[in-house]
$ cat model-v1.txt   # compact mmCIF, C-alpha atoms
# COMPACT_ATOMS: atom_id res chain seq x y z
CA MET J 5 -73.27 146.54 -71.83
CA SER J 6 -69.72 146.51 -73.07
CA LEU J 7 -66.88 148.53 -71.62
CA ARG J 8 -64.45 147.63 -74.35
CA GLY J 9 -64.56 151.00 -75.97
CA THR J 10 -64.14 153.04 -72.81
CA PRO J 11 -60.70 154.31 -71.81
CA GLU J 12 -60.98 152.60 -68.41
CA GLY J 13 -62.06 149.31 -69.98
CA VAL J 14 -59.09 149.42 -72.34
CA LYS J 15 -56.72 150.32 -69.50
CA ARG J 16 -57.99 147.48 -67.35
CA ALA J 17 -57.66 144.98 -70.20
CA ALA J 18 -54.12 146.13 -70.98
CA PHE J 19 -53.18 145.98 -67.30
CA GLU J 20 -54.57 142.47 -66.90
CA ALA J 21 -52.71 141.23 -69.95
CA THR J 22 -49.43 142.99 -69.12
CA ALA J 23 -49.08 143.13 -65.33
CA LEU J 24 -51.23 140.41 -63.77
CA PRO J 25 -49.17 137.51 -65.21
CA PHE J 26 -46.45 138.63 -62.76
CA MET J 27 -48.68 138.32 -59.70
CA ARG J 28 -47.12 134.97 -58.79
CA ALA J 29 -43.58 136.36 -58.96
CA LEU J 30 -44.63 139.38 -56.90
CA TYR J 31 -46.35 137.19 -54.33
CA ASN J 32 -43.36 134.89 -53.88
CA THR J 33 -40.94 137.78 -53.54
CA ALA J 34 -43.33 139.45 -51.10
CA LEU J 35 -43.42 136.24 -49.06
CA ARG J 36 -39.64 136.11 -48.98
CA LEU J 37 -39.40 139.75 -47.99
CA THR J 38 -42.12 139.87 -45.34
CA ARG J 39 -42.03 136.19 -44.27
CA GLU J 40 -45.76 136.39 -43.42
CA PRO J 41 -48.53 135.41 -45.88
CA PRO J 42 -50.94 138.14 -44.70
CA ASP J 43 -48.22 140.78 -45.11
CA ALA J 44 -47.29 139.35 -48.50
CA ALA J 45 -50.94 139.54 -49.62
CA ASP J 46 -51.16 143.18 -48.49
CA LEU J 47 -47.90 144.02 -50.24
CA VAL J 48 -48.99 142.42 -53.52
CA GLN J 49 -52.37 144.12 -53.42
CA GLU J 50 -50.86 147.55 -52.73
CA THR J 51 -48.23 147.02 -55.43
CA LEU J 52 -50.76 146.08 -58.11
CA LEU J 53 -53.14 148.84 -57.07
CA ARG J 54 -50.40 151.46 -57.37
CA ALA J 55 -49.28 149.95 -60.64
CA PHE J 56 -52.84 150.16 -61.99
CA ARG J 57 -53.26 153.77 -60.90
CA THR J 58 -49.99 154.75 -62.56
CA PHE J 59 -50.21 152.38 -65.51
CA GLU J 60 -50.03 155.37 -67.86
CA ASN J 61 -46.42 155.78 -66.70
CA PHE J 62 -45.43 152.32 -67.87
CA ALA J 63 -43.66 152.42 -71.21
CA PRO J 64 -45.00 149.67 -73.48
CA GLY J 65 -42.20 147.41 -74.58
CA SER J 66 -40.12 147.96 -71.46
CA ASN J 67 -39.78 145.27 -68.81
CA CYS J 68 -43.08 145.22 -66.92
CA LYS J 69 -41.71 142.77 -64.35
CA ALA J 70 -38.88 145.15 -63.42
CA TRP J 71 -41.37 148.05 -63.22
CA LEU J 72 -43.64 146.08 -60.89
CA PHE J 73 -40.73 145.05 -58.68
CA THR J 74 -39.69 148.69 -58.42
CA ILE J 75 -43.14 149.50 -57.03
CA LEU J 76 -43.09 146.46 -54.74
CA TYR J 77 -39.74 147.42 -53.25
CA SER J 78 -40.88 151.00 -52.82
CA VAL J 79 -43.97 149.90 -50.89
CA PHE J 80 -41.98 147.37 -48.90
CA THR J 81 -39.31 149.88 -47.96
CA ASN J 82 -41.85 152.45 -46.84
CA GLN J 83 -44.32 150.24 -45.05
CA TYR J 84 -42.64 147.06 -43.89
CA ARG J 85 -38.91 147.34 -43.61
CA GLN J 86 -38.93 149.58 -40.56
CA ALA J 87 -41.72 147.70 -38.86
CA LYS J 88 -40.28 144.22 -38.96
CA ARG J 89 -36.73 143.38 -38.10
CA ARG J 90 -35.54 140.16 -39.60
CA PRO J 91 -33.69 137.54 -37.60
CA ARG J 92 -30.03 137.18 -38.43
CA MET J 93 -28.80 133.68 -39.18
CA GLU J 94 -25.28 134.30 -37.89
CA SER J 95 -22.70 136.90 -38.58
CA VAL J 96 -21.85 137.62 -42.19
CA GLU J 97 -18.17 137.38 -41.35
CA ASP J 98 -18.56 133.87 -39.91
CA LEU J 99 -20.40 132.69 -42.99
CA GLU J 100 -17.87 134.18 -45.36
CA GLU J 101 -15.10 132.52 -43.42
CA ARG J 102 -16.97 129.25 -43.67
CA PHE J 103 -17.32 129.71 -47.44
CA GLN J 104 -13.57 130.19 -47.75
CA HIS J 105 -13.02 127.11 -45.63
CA PHE J 106 -15.16 125.00 -47.93
CA THR J 107 -13.60 126.25 -51.13
CA GLN J 108 -10.09 125.75 -49.74
CA ALA J 109 -10.75 122.20 -48.56
CA PRO J 110 -8.29 119.75 -50.10
CA ASP J 111 -10.98 117.78 -51.93
CA ASN J 112 -12.36 120.79 -53.82
CA PRO J 113 -13.60 121.77 -56.38
CA ALA J 114 -16.24 119.11 -55.65
CA SER J 115 -17.79 120.45 -52.47
CA ASP J 116 -20.32 118.39 -50.57
CA VAL J 117 -23.59 120.09 -51.20
CA ALA J 118 -22.98 120.77 -54.86
CA THR J 119 -22.21 117.15 -55.59
CA VAL J 120 -25.00 115.52 -53.65
CA GLU J 121 -27.17 113.73 -56.14
CA GLY J 122 -30.87 114.36 -56.12
CA TRP J 123 -30.85 117.88 -54.80
CA GLY J 124 -34.35 118.88 -55.57
CA GLN J 125 -37.70 119.83 -54.17
CA ARG J 126 -36.95 118.12 -50.90
CA TRP J 127 -34.43 120.80 -50.04
CA ASN J 128 -36.28 123.80 -51.39
CA PRO J 129 -37.63 124.61 -47.91
CA GLU J 130 -34.03 124.84 -46.68
CA VAL J 131 -33.19 127.23 -49.51
CA GLU J 132 -36.25 129.32 -48.67
CA ARG J 133 -35.33 129.38 -44.99
CA ALA J 134 -31.73 130.36 -45.68
CA LEU J 135 -32.88 133.07 -48.11
CA ARG J 136 -35.28 134.58 -45.61
CA GLN J 137 -32.57 134.80 -42.97
CA LEU J 138 -30.00 136.49 -45.17
CA PRO J 139 -29.33 140.14 -44.47
CA GLU J 140 -31.60 142.06 -46.78
CA ASP J 141 -28.83 143.85 -48.66
CA PHE J 142 -27.64 140.47 -49.93
CA ARG J 143 -31.00 138.79 -50.22
CA SER J 144 -32.62 141.29 -52.58
CA PRO J 145 -30.08 140.94 -55.42
CA LEU J 146 -30.39 137.15 -55.12
CA LEU J 147 -34.19 137.36 -55.35
CA LEU J 148 -34.20 139.75 -58.28
CA VAL J 149 -31.33 138.39 -60.38
CA ASP J 150 -31.12 134.68 -59.58
CA VAL J 151 -34.73 133.82 -58.71
CA GLU J 152 -36.62 136.28 -60.92
CA GLY J 153 -34.13 136.58 -63.76
CA LEU J 154 -33.73 140.36 -63.87
CA SER J 155 -30.50 141.78 -65.30
CA TYR J 156 -27.97 143.52 -63.05
CA GLU J 157 -29.09 146.81 -64.57
CA GLU J 158 -32.79 146.16 -63.92
CA ALA J 159 -32.09 145.04 -60.35
CA ALA J 160 -30.04 148.22 -59.78
CA SER J 161 -32.98 150.28 -61.00
CA VAL J 162 -35.41 148.41 -58.71
CA LEU J 163 -33.17 148.79 -55.67
CA GLY J 164 -32.04 152.33 -56.46
CA CYS J 165 -28.35 151.51 -56.30
CA ALA J 166 -25.38 151.27 -58.66
CA VAL J 167 -24.95 148.29 -60.96
CA GLY J 168 -21.61 147.59 -59.31
CA THR J 169 -23.33 147.43 -55.93
CA VAL J 170 -25.74 144.81 -57.25
CA GLY J 171 -22.79 142.78 -58.50
CA SER J 172 -20.83 142.93 -55.25
CA ARG J 173 -23.87 142.16 -53.10
CA LEU J 174 -24.86 139.32 -55.39
CA TYR J 175 -21.38 137.87 -55.06
CA ARG J 176 -21.42 138.00 -51.29
CA GLY J 177 -25.04 136.82 -51.14
CA ARG J 178 -24.30 133.76 -53.24
CA LYS J 179 -21.36 132.90 -51.02
CA LEU J 180 -23.40 133.39 -47.85
CA LEU J 181 -26.24 131.22 -49.14
CA PHE J 182 -23.84 128.51 -50.19
CA ALA J 183 -22.19 128.47 -46.78
CA ALA J 184 -25.55 128.34 -45.01
CA LEU J 185 -26.78 125.47 -47.16
CA GLN J 186 -23.51 123.62 -46.87
CA GLU J 187 -23.93 123.87 -43.13
CA TYR J 188 -27.44 122.42 -43.35
CA ALA J 189 -26.14 119.57 -45.47
CA HIS J 190 -23.49 118.77 -42.90
CA GLN J 191 -25.93 118.94 -40.03
CA ALA J 192 -28.21 116.56 -41.90
CA GLY J 193 -25.34 114.11 -42.21
CA TYR J 194 -24.67 114.44 -45.92
CA ARG J 195 -21.14 114.22 -47.17
CA LYS J 196 -19.67 114.30 -50.61
CA GLY J 197 -20.90 111.39 -52.67
CA THR J 198 -23.91 110.56 -50.52
CA ALA J 199 -27.27 110.54 -52.20
CA LEU J 200 -30.00 112.69 -50.74
CA ASP J 201 -32.59 110.00 -51.23
CA ARG J 202 -30.62 107.26 -49.52
CA MET B 27 -2.38 138.92 -64.71
CA THR B 28 -3.78 135.97 -62.87
CA ASP B 29 -1.90 133.16 -61.29
CA ALA B 30 -2.58 130.64 -58.58
CA ALA B 31 -1.29 132.98 -55.90
CA ASN B 32 -3.79 135.72 -56.81
CA HIS B 33 -7.25 134.30 -56.56
CA LEU B 34 -9.95 135.74 -58.74
CA GLY B 35 -12.58 136.66 -56.12
CA ALA B 36 -15.47 138.67 -57.53
CA THR B 37 -14.07 138.31 -61.06
CA LEU B 38 -15.31 134.72 -60.89
CA GLN B 39 -18.85 135.97 -60.68
CA ASP B 40 -18.43 138.31 -63.64
CA PHE B 41 -17.03 135.31 -65.51
CA LEU B 42 -19.96 133.13 -64.45
CA ASP B 43 -22.55 135.75 -65.40
CA GLY B 44 -20.94 136.51 -68.75
CA ARG B 45 -19.95 140.05 -67.85
CA LEU B 46 -16.28 139.94 -68.86
CA PRO B 47 -14.76 141.06 -72.18
CA ASP B 48 -13.34 138.22 -74.27
CA ALA B 49 -9.70 138.97 -73.50
CA ARG B 50 -10.33 138.91 -69.77
CA ARG B 51 -12.34 135.69 -70.11
CA ALA B 52 -9.37 133.99 -71.68
CA GLU B 53 -7.16 135.08 -68.76
CA VAL B 54 -9.67 133.77 -66.27
CA GLU B 55 -9.92 130.43 -68.08
CA ALA B 56 -6.14 130.12 -68.00
CA HIS B 57 -6.12 130.81 -64.29
CA LEU B 58 -8.89 128.30 -63.62
CA ASP B 59 -6.86 125.59 -65.35
CA GLN B 60 -4.18 126.02 -62.68
CA CYS B 61 -6.16 126.90 -59.57
CA PRO B 62 -8.39 124.32 -57.83
CA GLN B 63 -9.52 126.84 -55.23
CA CYS B 64 -10.97 129.20 -57.83
CA ARG B 65 -12.53 126.26 -59.66
CA GLY B 66 -14.18 125.22 -56.40
CA GLU B 67 -15.45 128.72 -55.76
CA LEU B 68 -16.76 129.03 -59.31
CA GLU B 69 -18.64 125.75 -58.97
CA ALA B 70 -20.11 126.83 -55.63
CA LEU B 71 -21.34 130.11 -57.15
CA ARG B 72 -22.71 128.31 -60.18
CA TRP B 73 -24.49 125.81 -57.96
CA VAL B 74 -26.17 128.53 -55.89
CA ARG B 75 -27.31 130.35 -59.02
CA ASP B 76 -28.39 127.43 -61.19
CA VAL B 77 -29.49 124.74 -58.74
CA ALA B 78 -30.54 126.33 -55.47
CA LEU B 79 -32.14 129.54 -56.75
CA ARG B 80 -33.05 129.40 -60.42
CA ARG B 81 -35.14 126.27 -59.90
CA LEU B 82 -36.82 127.45 -56.72
CA PRO B 83 -40.49 126.76 -57.41
CA GLY B 84 -42.26 129.17 -55.04
CA GLU B 85 -45.94 129.07 -54.23
CA GLU B 86 -49.06 129.65 -56.25
CA VAL B 87 -50.98 132.83 -55.47
CA PRO B 88 -53.81 131.80 -53.12
CA PRO B 89 -57.17 132.33 -54.88
CA ALA B 90 -58.27 134.55 -51.99
CA VAL B 91 -55.35 136.90 -52.73
CA ALA B 92 -56.18 136.96 -56.45
CA ARG B 93 -59.78 137.79 -55.58
CA ARG B 94 -58.67 140.60 -53.25
CA VAL B 95 -56.52 142.10 -55.98
CA ALA B 96 -59.39 141.87 -58.49
CA ALA B 97 -61.73 143.56 -56.01
CA ALA B 98 -59.18 146.31 -55.33
CA LEU B 99 -58.80 146.96 -59.06
CA ASP B 100 -62.59 146.98 -59.47
CA ALA B 101 -62.83 149.58 -56.71
CA ALA B 102 -60.03 151.68 -58.21
CA GLU B 103 -61.71 151.57 -61.59
CA ALA B 104 -65.23 152.40 -60.48
CA PRO B 105 -65.04 156.15 -59.75
CA SER B 106 -63.55 157.22 -63.04
CA GLN B 107 -65.90 154.94 -64.96
CA GLY B 108 -68.82 156.49 -63.19
CA TRP B 109 -67.56 159.95 -64.02
CA ALA B 110 -67.04 159.09 -67.67
CA ARG B 111 -70.50 157.63 -67.95
CA TRP B 112 -72.17 160.54 -66.25
CA ALA B 113 -70.35 162.98 -68.48
CA ALA B 114 -71.21 161.06 -71.62
CA ALA B 115 -74.80 160.67 -70.56
CA ALA B 116 -75.37 164.31 -69.69
CA ALA B 117 -77.92 164.68 -72.45
CA LEU B 118 -79.87 161.58 -71.45
CA ALA B 119 -82.80 161.40 -69.10
CA ALA B 120 -81.96 160.64 -65.48
CA ALA B 121 -83.55 157.21 -65.66
CA ALA B 122 -81.47 156.24 -68.65
CA VAL B 123 -78.29 157.38 -66.92
CA LEU B 124 -79.17 155.36 -63.87
CA ALA B 125 -79.73 152.26 -65.98
CA VAL B 126 -76.32 152.67 -67.61
CA VAL B 127 -74.60 152.98 -64.24
CA LEU B 128 -76.42 149.98 -62.82
CA LEU B 129 -75.60 147.82 -65.80
CA SER B 130 -71.96 148.76 -65.86
CA ARG B 131 -70.94 147.75 -62.37
CA PRO B 132 -67.60 145.93 -62.36
CA SER B 133 -69.21 142.47 -62.34
CA GLY B 134 -70.58 143.29 -65.77
CA ASP B 135 -67.03 143.18 -67.07
CA LEU B 136 -66.76 139.42 -66.70
CA ALA B 137 -68.70 138.77 -69.89
CA ASP B 138 -66.76 141.52 -71.58
CA ALA B 139 -63.43 140.12 -70.38
CA VAL B 140 -64.23 136.63 -71.68
CA ALA B 141 -65.27 138.06 -75.04
CA ARG B 142 -62.06 140.06 -75.16
CA ASP B 143 -60.02 136.94 -74.39
CA PHE B 144 -61.73 135.20 -77.27
CA ALA B 145 -60.88 138.07 -79.61
CA GLU B 146 -57.27 138.10 -78.38
CA TYR B 147 -56.91 134.34 -78.87
CA SER B 148 -58.59 134.38 -82.24
CA GLY B 149 -56.36 137.27 -83.32
CA GLY B 150 -53.22 135.38 -82.31
CA ARG B 151 -52.36 137.77 -79.47
CA LEU B 152 -53.17 135.32 -76.67
CA THR B 153 -50.99 132.23 -76.83
CA LEU B 154 -51.45 128.80 -75.28
CA ASP B 155 -49.05 127.50 -72.62
CA LEU B 156 -49.47 123.98 -73.95
CA GLN B 157 -50.48 122.95 -77.45
CA SER B 158 -52.04 119.52 -77.24
CA SER B 159 -55.06 117.63 -78.53
CA ASP B 160 -55.02 115.42 -75.42
CA PRO B 161 -57.58 116.55 -72.80
CA ALA B 162 -55.69 114.70 -70.03
CA ALA B 163 -52.47 116.58 -70.83
CA VAL B 164 -54.27 119.92 -70.70
CA GLU B 165 -55.96 118.96 -67.42
CA SER B 166 -52.50 118.11 -66.04
CA LEU B 167 -51.30 121.57 -67.05
CA PHE B 168 -54.05 123.09 -64.91
CA ALA B 169 -53.54 120.66 -62.01
CA ASN B 170 -49.80 121.40 -61.95
CA ALA B 171 -50.54 125.12 -61.92
CA GLY B 172 -52.35 124.60 -58.62
CA LEU B 173 -55.84 125.67 -59.71
CA VAL B 174 -58.00 124.78 -56.74
CA PHE B 175 -61.19 123.95 -58.63
CA ARG B 176 -61.44 120.78 -60.65
CA THR B 177 -61.06 121.41 -64.37
CA ARG B 178 -62.79 119.31 -66.98
CA VAL B 179 -61.40 119.59 -70.49
CA PHE B 180 -64.11 118.40 -72.84
CA ASP B 181 -63.69 116.11 -75.79
CA LEU B 182 -65.74 117.81 -78.49
CA GLY B 183 -64.47 115.63 -81.35
CA MET B 184 -67.95 114.25 -81.98
CA MET B 185 -69.06 117.80 -82.70
CA GLN B 186 -66.15 118.51 -85.01
CA TYR B 187 -64.31 120.72 -82.51
CA HIS B 188 -60.71 119.64 -81.95
CA LEU B 189 -58.71 120.59 -78.86
CA ALA B 190 -55.80 122.96 -79.59
CA GLY B 191 -54.36 123.27 -76.06
CA GLY B 192 -54.61 125.20 -72.80
CA ARG B 193 -53.36 128.20 -70.93
CA VAL B 194 -53.26 129.09 -67.23
CA HIS B 195 -54.97 132.44 -67.44
CA GLN B 196 -56.59 135.21 -65.42
CA VAL B 197 -60.06 136.53 -66.02
CA ARG B 198 -60.71 139.78 -64.18
CA GLY B 199 -57.89 138.79 -61.81
CA ARG B 200 -59.35 135.35 -61.10
CA PRO B 201 -57.21 132.29 -61.89
CA SER B 202 -58.73 130.65 -64.94
CA ALA B 203 -58.22 127.44 -66.91
CA LEU B 204 -58.47 128.46 -70.57
CA PHE B 205 -58.62 125.85 -73.32
CA ALA B 206 -59.30 126.31 -76.99
CA TYR B 207 -60.69 124.32 -79.89
CA ARG B 208 -60.67 124.65 -83.65
CA GLY B 209 -64.01 123.82 -85.22
CA PRO B 210 -65.69 123.54 -88.62
CA GLY B 211 -64.71 126.29 -91.02
CA GLY B 212 -61.70 127.19 -88.88
CA ARG B 213 -63.91 128.71 -86.18
CA ASP B 214 -62.28 129.12 -82.78
CA LEU B 215 -64.00 128.09 -79.57
CA VAL B 216 -62.52 129.20 -76.25
CA CYS B 217 -63.60 127.68 -72.95
CA GLN B 218 -62.69 129.08 -69.55
CA MET B 219 -63.28 127.75 -66.05
CA TYR B 220 -62.79 129.97 -63.02
CA GLU B 221 -63.98 130.06 -59.43
CA GLY B 222 -67.14 132.13 -59.15
CA ARG B 223 -70.93 132.29 -59.16
CA LEU B 224 -73.47 132.98 -61.87
CA ALA B 225 -74.77 135.77 -59.66
CA ASP B 226 -71.50 137.65 -60.31
CA LEU B 227 -72.48 138.05 -63.95
CA PRO B 228 -74.38 141.01 -65.36
CA ARG B 229 -78.08 140.78 -66.07
CA THR B 230 -79.15 139.20 -69.34
CA ASP B 231 -82.52 138.57 -70.90
CA ASP B 232 -81.31 135.33 -72.44
CA VAL B 233 -81.39 132.77 -69.60
CA ARG B 234 -82.09 129.16 -70.48
CA GLU B 235 -82.69 125.98 -68.52
CA ARG B 236 -81.70 122.55 -69.73
CA ASN B 237 -81.47 119.32 -67.73
CA GLY B 238 -81.75 121.30 -64.52
CA ILE B 239 -78.81 123.56 -65.40
CA THR B 240 -79.12 127.32 -65.86
CA PHE B 241 -77.29 128.84 -68.85
CA ARG B 242 -76.77 132.57 -69.20
CA VAL B 243 -76.18 133.72 -72.75
CA TYR B 244 -74.53 136.98 -73.84
CA ARG B 245 -73.60 138.43 -77.19
CA VAL B 246 -70.70 140.87 -77.19
CA LYS B 247 -69.58 142.27 -80.55
CA GLY B 248 -70.33 139.16 -82.55
CA VAL B 249 -69.09 136.72 -79.89
CA THR B 250 -71.59 134.40 -78.22
CA LEU B 251 -70.88 133.59 -74.57
CA VAL B 252 -72.61 130.80 -72.66
CA PHE B 253 -72.00 130.59 -68.90
CA TRP B 254 -73.05 127.88 -66.49
CA GLN B 255 -72.11 126.72 -62.99
CA GLU B 256 -70.26 123.47 -62.21
CA GLY B 257 -69.64 123.14 -58.49
CA ALA B 258 -67.48 126.03 -57.31
CA ALA B 259 -66.47 126.89 -60.86
CA ILE B 260 -68.06 128.84 -63.67
CA CYS B 261 -67.68 127.39 -67.16
CA VAL B 262 -68.01 129.60 -70.20
CA LEU B 263 -67.84 128.88 -73.90
CA ALA B 264 -67.04 131.74 -76.25
CA SER B 265 -67.09 131.67 -80.02
CA ASP B 266 -67.96 133.73 -83.05
CA ALA B 267 -69.67 130.67 -84.55
CA GLU B 268 -73.43 130.75 -85.01
CA ALA B 269 -75.01 131.52 -81.64
CA GLU B 270 -77.30 128.50 -81.41
CA ALA B 271 -74.39 126.20 -82.29
CA VAL B 272 -72.40 127.56 -79.33
CA ILE B 273 -75.39 127.09 -77.05
CA GLN B 274 -75.83 123.50 -78.24
CA LEU B 275 -72.15 122.79 -77.48
CA ALA B 276 -72.71 124.07 -73.95
CA TYR B 277 -75.83 121.90 -73.57
CA ALA B 278 -73.88 118.88 -74.72
CA LYS B 279 -71.03 119.32 -72.26
CA ALA B 280 -72.52 120.87 -69.15
CA VAL B 281 -72.76 118.57 -66.15
CA LYS B 282 -75.01 119.15 -63.19
CA VAL B 283 -72.91 119.17 -60.01
$ encode --input "model-v1.txt" --output "structure tokens"
Amino acid sequence: MSLRGTPEGVKRAAFEATALPFMRALYNTALRLTREPPDAADLVQETLLRAFRTFENFAPGSNCKAWLFTILYSVFTNQYRQAKRRPRMESVEDLEERFQHFTQAPDNPASDVATVEGWGQRWNPEVERALRQLPEDFRSPLLLVDVEGLSYEEAASVLGCAVGTVGSRLYRGRKLLFAALQEYAHQAGYRKGTALDR
Amino acid sequence: MTDAANHLGATLQDFLDGRLPDARRAEVEAHLDQCPQCRGELEALRWVRDVALRRLPGEEVPPAVARRVAAALDAAEAPSQGWARWAAAAALAAAAVLAVVLLSRPSGDLADAVARDFAEYSGGRLTLDLQSSDPAAVESLFANAGLVFRTRVFDLGMMQYHLAGGRVHQVRGRPSALFAYRGPGGRDLVCQMYEGRLADLPRTDDVRERNGITFRVYRVKGVTLVFWQEGAAICVLASDAEAEAVIQLAYAKAVKV
């Protein structure tokens, strides 16, 4: 018995070909937003289910990834954001001050963490940890633009804010993340010119 | 105007992300030549974007999550399918309607989905992630993608089928290792392996046994599908070549696990 000719069979096939390839991106963003694998699984399932039910609303040729992230953020905002308060790493002001300190150091532009050879998979857990502790306003533009490759305009649409807001939060988020990672590098004893794999 | 006393701040990011008009870019470049602090900040921003974040690998979707999503989509699909079938079958006898409904449960779509993948590949609409005639390279593609079941990319050269490459795929929401061959007369052969059980497949009258292995054979719109179990995985060959030839290929390559 073939379902190929039925409207539902065609819809399911189109959905699988168009939307499901982004399940990995959705899952990783959900993990970074919720910080808990069971919550991330729930969030991904609800996102894809809603996307499937409203797949008629998706305009072929437009960016499916951005459309799916819009649904994911909508579900997250309604169901998870209020329920779970994230831990703060330290105050935003302290981190921004630290960023300025690093960039004003006399031996710049070559700052420690950016010049350490061999930055790679070994430090990805530190990046993930720093990301998850960032205030959400700054974390979301980083996740959408830098990790997932959305444009400023697409990220603004996902987050329901102005393009300029995405830009300013991205700027501050990048600085905060740099300062946090620089701090980790210092705590781990790395200085400019040292190799990570020493 | 920019000079060393007026640092660029957020303009650096617009510069980095290519969001400045040409004239402004030239001003920024001139400032950067004179200002080590802005150069340092630009490099820090670039490092966060290009090294720390853009290369962040993330995790594979756990198979249990992929299965949950597939089941949720099956459940979402079922009611409207049932309605459509009942409406279409209004003129049929009750027994016939019941048979249609029973045969069209979501699990029945697996054979259909594999046949559809074959048609998409054969029509050039489904592309391979890796084009290679080396089975080991294609197996590495699947291993690196984190597929939890062991994949076995066959060498079918003796049977005149030459490996074209592989793709990390999804079949009905299940992670799947898809690899394709080009055979005699330019016929395509698509193999998929995914985690599952033969019992998930729809009923078929064409069930064969060979060397202690059960093969379930389907024909969907000119495509022959041969499924068998290898450990935790289901293997399926799909081709529009002559049906018995496809079945013989499956006999030749199936391994009892």
$ closest_atom_pairs --input "model-v1.txt" --of "chain B" --to "chain J" --cutoff "7 Å" --atoms "all atoms listed in the file" --output "Markdown table"
| residue | atom | partner | partner_atom | distance |
| --- | --- | --- | --- | --- |
| B:Ala36 | CA | J:Tyr175 | CA | 6.5 |
| B:Gln39 | CA | J:Tyr175 | CA | 6.4 |
| B:Pro62 | CA | J:Pro113 | CA | 6.0 |
| B:Gln63 | CA | J:Gln108 | CA | 5.6 |
| B:Arg65 | CA | J:Pro113 | CA | 5.7 |
| B:Gly66 | CA | J:Pro113 | CA | 3.5 |
| B:Glu67 | CA | J:Thr107 | CA | 5.6 |
| B:Glu69 | CA | J:Pro113 | CA | 6.9 |
| B:Ala70 | CA | J:Ala118 | CA | 6.7 |
| B:Leu71 | CA | J:Arg178 | CA | 6.1 |
| B:Trp73 | CA | J:Ala118 | CA | 6.1 |
| B:Val74 | CA | J:Arg178 | CA | 6.2 |
| B:Arg75 | CA | J:Asp150 | CA | 5.8 |
| B:Ala78 | CA | J:Val131 | CA | 6.6 |
| B:Leu79 | CA | J:Val151 | CA | 5.4 |
| B:Arg80 | CA | J:Val151 | CA | 5.0 |
| B:Leu82 | CA | J:Asn128 | CA | 6.5 |
| B:Gly84 | CA | J:Asn32 | CA | 5.9 |
| B:Glu85 | CA | J:Asn32 | CA | 6.4 |
| B:Glu86 | CA | J:Arg28 | CA | 6.2 |
| B:Val87 | CA | J:Arg28 | CA | 5.5 |
| B:Val91 | CA | J:Ala45 | CA | 6.0 |
| B:Val95 | CA | J:Gln49 | CA | 5.3 |
| B:Ala98 | CA | J:Leu53 | CA | 6.8 |
| B:Leu99 | CA | J:Leu53 | CA | 6.3 |
| B:Glu103 | CA | J:Glu12 | CA | 6.9 |
| B:Gln107 | CA | J:Glu12 | CA | 6.4 |
| B:Leu129 | CA | J:Met5 | CA | 6.6 |
| B:Ser130 | CA | J:Met5 | CA | 6.5 |
| B:Asp138 | CA | J:Ser6 | CA | 6.0 |
$ atom_distance --input "model-v1.txt" --atom1 "atom CA of Met219 of chain B" --atom2 "atom CA of Leu167 of chain B"
13.5 Å
$ residues_near_point --input "model-v1.txt" --point "(-14.0, 136.9, -62.0)" --cutoff "7 Å" --atoms "all atoms listed in the file" --output "VMD selection string"
chain B and resid 34 to 41 54
$ residues_near_point --input "model-v1.txt" --point "(-5.1, 131.6, -65.1)" --cutoff "12 Å" --atoms "all atoms listed in the file" --output "PyMOL selection string"
chain B and resi 27-34+37-38+50-65
$ residues_around --input "model-v1.txt" --residues "Ala70 of chain J" --least-positions-apart "6" --cutoff "8 Å" --atoms "all atoms listed in the file" --output "MDAnalysis selection string"
chainID J and resid 154 158:159 162
$ atom_distance --input "model-v1.txt" --atom1 "atom CA of Glu97 of chain J" --atom2 "atom CA of His190 of chain J"
19.4 Å
$ residues_around --input "model-v1.txt" --residues "Pro64 of chain J" --least-positions-apart "5" --cutoff "12 Å" --atoms "all atoms listed in the file" --output "PyMOL selection string"
chain J and resi 18-19+21-23+59+69+71
$ axis_aligned_box --input "model-v1.txt" --around "segment 30-46 of chain J" --padding-each-side "3 Å" --output "AutoDock Vina command-line options"
--center_x -45.3 --center_y 139.0 --center_z -50.2 --size_x 17.8 --size_y 14.3 --size_z 19.5
$ atom_distance --input "model-v1.txt" --atom1 "atom CA of Ala169 of chain B" --atom2 "atom CA of Leu204 of chain B"
12.6 Å
$ closest_residue --input "model-v1.txt" --among "B:Asp76, B:Asp48, B:Asp135, B:Asp232" --to "Val14 of chain J" --atoms "only C-alpha atoms"
B:Asp135
$ decode --input "model-v1.txt" --residues "segment 34-50 of chain B" --atoms "C-alpha atoms" --output "short mmCIF file (atom, residue, chain, number, x, y, z; two decimals), in the first residue's frame"
data_model
loop_
_atom_site.label_atom_id
_atom_site.label_comp_id
_atom_site.auth_asym_id
_atom_site.auth_seq_id
_atom_site.Cartn_x
_atom_site.Cartn_y
_atom_site.Cartn_z
CA LEU B 34 35.82 52.22 16.93
CA GLY B 35 33.74 50.14 19.37
CA ALA B 36 30.77 48.44 17.74
CA THR B 37 31.88 49.67 14.31
CA LEU B 38 34.59 47.03 14.52
CA GLN B 39 31.95 44.34 14.49
CA ASP B 40 30.17 45.83 11.49
CA PHE B 41 33.57 45.88 9.80
CA LEU B 42 34.25 42.27 10.76
CA ASP B 43 30.84 41.07 9.59
CA GLY B 44 31.01 42.97 6.31
CA ARG B 45 28.17 45.35 7.14
CA LEU B 46 29.88 48.65 6.35
CA PRO B 47 29.68 50.63 3.09
CA ASP B 48 32.96 50.78 1.16
CA ALA B 49 33.77 54.37 2.12
CA ARG B 50 33.37 53.64 5.81
#
